[in-house]
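*Asks:* There's a structure below that I have some questions on.
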Amino acid sequence: MDAREDFDALLYLLSVTRNEAIRPPLAADVEVSDPDGKRTDAVARVDGHTGSWRLEEDGCVTSYSPGEGLVFRDADGSAESLGHERNDWMPQPVQLFYPLRMRIWGGFSDDLRITGAKRRGDDVLLSLVYLEDAEYHASALFSSKYGVVTEFRTPSGSWLLRRLRTDIPGPDAT
């Protein structure tokens, strides 16, 4: 692939991901795998319009809403609220819904940088390397239909969105 194709793929990716606030609410099952192949499942729900999100994993719930801020709920029902102190933090499965907030863009506080971009039908596959050690590679597959990352693979694990869907109540709904 040449530089022009990479550039065009990146421009396309940015055009479909930058409007998270006007996307309908989304939900997905998230398959998380560690380097040893151990797999866990989670359910993520996000509403870009309200800025709310919710992640259910191993009986625990981590959520953020503008009203409550960041809240952790254990499987036993106990809750810890961090309020708005860390409103910039979100777990990796939720970051997939906010690609521009992922640490893959080669910026000052990022872990990775882009080395290539390839259109794969209507989607875009990014090739990534770690800033600290270019021997370590990663990849991110962007869905143009939803404007999210559906696959993120690194040496430390992988995060895959499954059954991605729209038109559900927002994360604050019960």
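Ordered as shown in the structure tokens, chains take letters A, B, and onward, while each chain numbers its residues from 1 and ligands are numbered from 1 in the order shown.
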Let's see if you can do this: from backbone DSSP, list all strand (DSSP E or B) residues in region 48-145 of chain A, as a PyMOL selection string.
*Replies:* chain A and resi 52-57+60-65+69-73+79-83+112-120+123-130+137-143
*Asks:* Compile the contact shell of Leu112 (chain A) as a list in words: residues with an atom at most 7 Å away, counting only C-alpha atoms, same-chain residues fewer than 5 positions apart removed.
*Replies:*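 In the requested format, the answer is Arg103, Ile104, Trp105, Gly106, Leu128, Val129, Tyr130 and Leu131 of chain A.
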*Asks:* Got a sec: who's within 6 Å of region 16-31 of chain A, counting only C-alpha atoms, leaving out chain neighbours fewer than 4 positions off, as a PyMOL selection string?
*Replies:* chain A and resi 41-49+144+147+159-166+170
*Asks:* Using only C-alpha atoms, please write the residues we just selected to a file, as a short mmCIF file (atom, residue, chain, number, x, y, z; two decimals), in the first residue's frame.
*Replies:*
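Writing done, so here's result-v5.cif:
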```
data_model
loop_
_atom_site.label_atom_id
_atom_site.label_comp_id
_atom_site.auth_asym_id
_atom_site.auth_seq_id
_atom_site.Cartn_x
_atom_site.Cartn_y
_atom_site.Cartn_z
CA ASP A 41 -16.95 -11.56 28.35
CA ALA A 42 -18.46 -8.19 29.11
CA VAL A 43 -21.39 -6.08 27.96
CA ALA A 44 -20.87 -2.42 27.08
CA ARG A 45 -23.50 0.26 26.51
CA VAL A 46 -22.73 3.80 25.45
CA ASP A 47 -24.67 6.91 24.61
CA GLY A 48 -22.42 9.44 22.90
CA HIS A 49 -25.15 12.08 22.96
CA SER A 144 -17.46 2.84 9.37
CA GLY A 147 -17.77 4.78 13.97
CA TRP A 159 -10.82 -6.73 22.70
CA LEU A 160 -13.49 -7.69 20.17
CA LEU A 161 -16.97 -6.19 19.88
CA ARG A 162 -19.60 -8.81 19.09
CA ARG A 163 -23.33 -8.33 18.41
CA LEU A 164 -22.84 -4.57 18.01
CA ARG A 165 -26.29 -2.99 17.92
CA THR A 166 -28.17 0.31 17.99
CA GLY A 170 -29.12 4.72 26.97
#
```
*Asks:* Quick one: distance from CA of Lys145 (chain A) to CA of Gly121 (chain A) in Å, one decimal?
*Replies:*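 CA of Gly121 (chain A) lies at a distance of 11.1 Å from CA of Lys145 (chain A).
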*Asks:* I'd like the contact shell of Leu126 (chain A) - 9 Å cut-off, only C-alpha atoms, skipping same-chain residues fewer than 2 positions apart - returned as a list in words.
*Replies:*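 The filter keeps Leu10, Ile114, Thr115, Gly116, Ala117, Lys118, Arg119, Val124, Leu128, Ala138, Ser139, Ala140, Leu141 and Phe142 of chain A.
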*Asks:* Can those selected residues be exported to a file as a PDB file, in the first residue's frame so that it contains C-alpha atoms?
*Replies:*
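Once everything was written out, this is part32.pdb:
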```
ATOM      1  CA  LEU A  10      -7.053   7.743   7.613  1.00  0.00           C
ATOM      2  CA  ILE A 114      -0.057   4.429  13.356  1.00  0.00           C
ATOM      3  CA  THR A 115       2.257   2.856  10.790  1.00  0.00           C
ATOM      4  CA  GLY A 116      -0.330   2.053   8.139  1.00  0.00           C
ATOM      5  CA  ALA A 117      -4.002   2.241   7.274  1.00  0.00           C
ATOM      6  CA  LYS A 118      -5.866   0.024   4.856  1.00  0.00           C
ATOM      7  CA  ARG A 119      -9.462   0.122   3.689  1.00  0.00           C
ATOM      8  CA  VAL A 124     -10.360   0.657   8.067  1.00  0.00           C
ATOM      9  CA  LEU A 128       0.178   0.176  15.052  1.00  0.00           C
ATOM     10  CA  ALA A 138      -0.905  -3.922  17.431  1.00  0.00           C
ATOM     11  CA  SER A 139      -3.932  -3.386  15.199  1.00  0.00           C
ATOM     12  CA  ALA A 140      -7.316  -1.695  15.336  1.00  0.00           C
ATOM     13  CA  LEU A 141     -10.239  -2.373  13.003  1.00  0.00           C
ATOM     14  CA  PHE A 142     -12.648   0.560  12.664  1.00  0.00           C
TER      15      PHE A 142
END
```
*Asks:* Kindly give the distance, in Å, that separates CA of Gly51 (chain A) and CA of Glu68 (chain A), rounded to a single decimal.
*Replies:*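 Value for the CA of Gly51 (chain A)-CA of Glu68 (chain A) distance: 11.6 Å.
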*Asks:* Could you give me, as a list in words, each residue of region 4-170 of chain A that DSSP assigns to alpha helix (DSSP H) when run on this structure's backbone?
*Replies:*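 These are the residues in question: Arg4, Glu5, Asp6, Phe7, Asp8, Ala9, Leu10, Leu11, Tyr12, Leu13, Leu14, Ser15, Val16, Thr17, Gln92, Pro93, Val94 and Gln95 of chain A.
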*Asks:* Considering only C-alpha atoms, can you say which of A:Lys38, A:Leu125, A:Asn87, A:Val94 comes closest to Glu56 (chain A)?
*Replies:* A:Val94
*Asks:* Could you pull the residues within 10 Å of Pro66 (chain A), counting only C-alpha atoms, minus those fewer than 4 positions along the same chain, as an mmCIF file with N, CA and C atoms, in the first residue's frame?
*Replies:*
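Output (selection.cif):
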```
data_model
loop_
_atom_site.group_PDB
_atom_site.id
_atom_site.type_symbol
_atom_site.label_atom_id
_atom_site.label_comp_id
_atom_site.auth_asym_id
_atom_site.auth_seq_id
_atom_site.Cartn_x
_atom_site.Cartn_y
_atom_site.Cartn_z
ATOM 1 N N THR A 50 -25.352 11.703 25.365
ATOM 2 C CA THR A 50 -25.357 12.125 26.770
ATOM 3 C C THR A 50 -23.975 12.026 27.400
ATOM 4 N N GLY A 51 -23.068 11.303 26.745
ATOM 5 C CA GLY A 51 -21.740 11.096 27.318
ATOM 6 C C GLY A 51 -21.714 10.009 28.376
ATOM 7 N N SER A 52 -22.755 9.192 28.435
ATOM 8 C CA SER A 52 -22.860 8.137 29.444
ATOM 9 C C SER A 52 -22.381 6.805 28.882
ATOM 10 N N TRP A 53 -21.854 5.963 29.764
ATOM 11 C CA TRP A 53 -21.491 4.605 29.375
ATOM 12 C C TRP A 53 -21.597 3.676 30.578
ATOM 13 N N LEU A 70 -18.084 8.944 37.711
ATOM 14 C CA LEU A 70 -17.582 7.583 37.584
ATOM 15 C C LEU A 70 -17.959 6.779 38.819
ATOM 16 N N GLY A 83 -16.959 10.302 41.450
ATOM 17 C CA GLY A 83 -17.517 11.563 40.975
ATOM 18 C C GLY A 83 -16.918 11.958 39.640
ATOM 19 N N HIS A 84 -16.563 13.221 39.544
ATOM 20 C CA HIS A 84 -16.038 13.737 38.277
ATOM 21 C C HIS A 84 -14.522 13.907 38.294
ATOM 22 N N ASN A 87 -13.230 11.870 35.148
ATOM 23 C CA ASN A 87 -14.196 11.731 34.060
ATOM 24 C C ASN A 87 -13.533 11.484 32.710
#
```
*Asks:* Of the residues A:Gly157, A:Glu151, A:Phe72, A:Ala3, which is the one nearest to Gly37 (chain A), using only C-alpha atoms?
*Replies:*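 Looking at the shortest contact to Gly37 (chain A), the residue is A:Gly157.
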*Asks:* For Arg39 (chain A), which residue out of A:Asp2, A:Glu132, A:Asp58, A:Asp111 is the nearest one, using only C-alpha atoms?
*Replies:*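 With only C-alpha atoms as the atom set, the closest residue is A:Asp58.
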*Asks:* May I ask for the distance between CA of Thr154 (chain A) and CA of Ser127 (chain A), given in Å to one decimal place?
*Replies:*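 Calculated distance between CA of Thr154 (chain A) and CA of Ser127 (chain A) is 10.6 Å.
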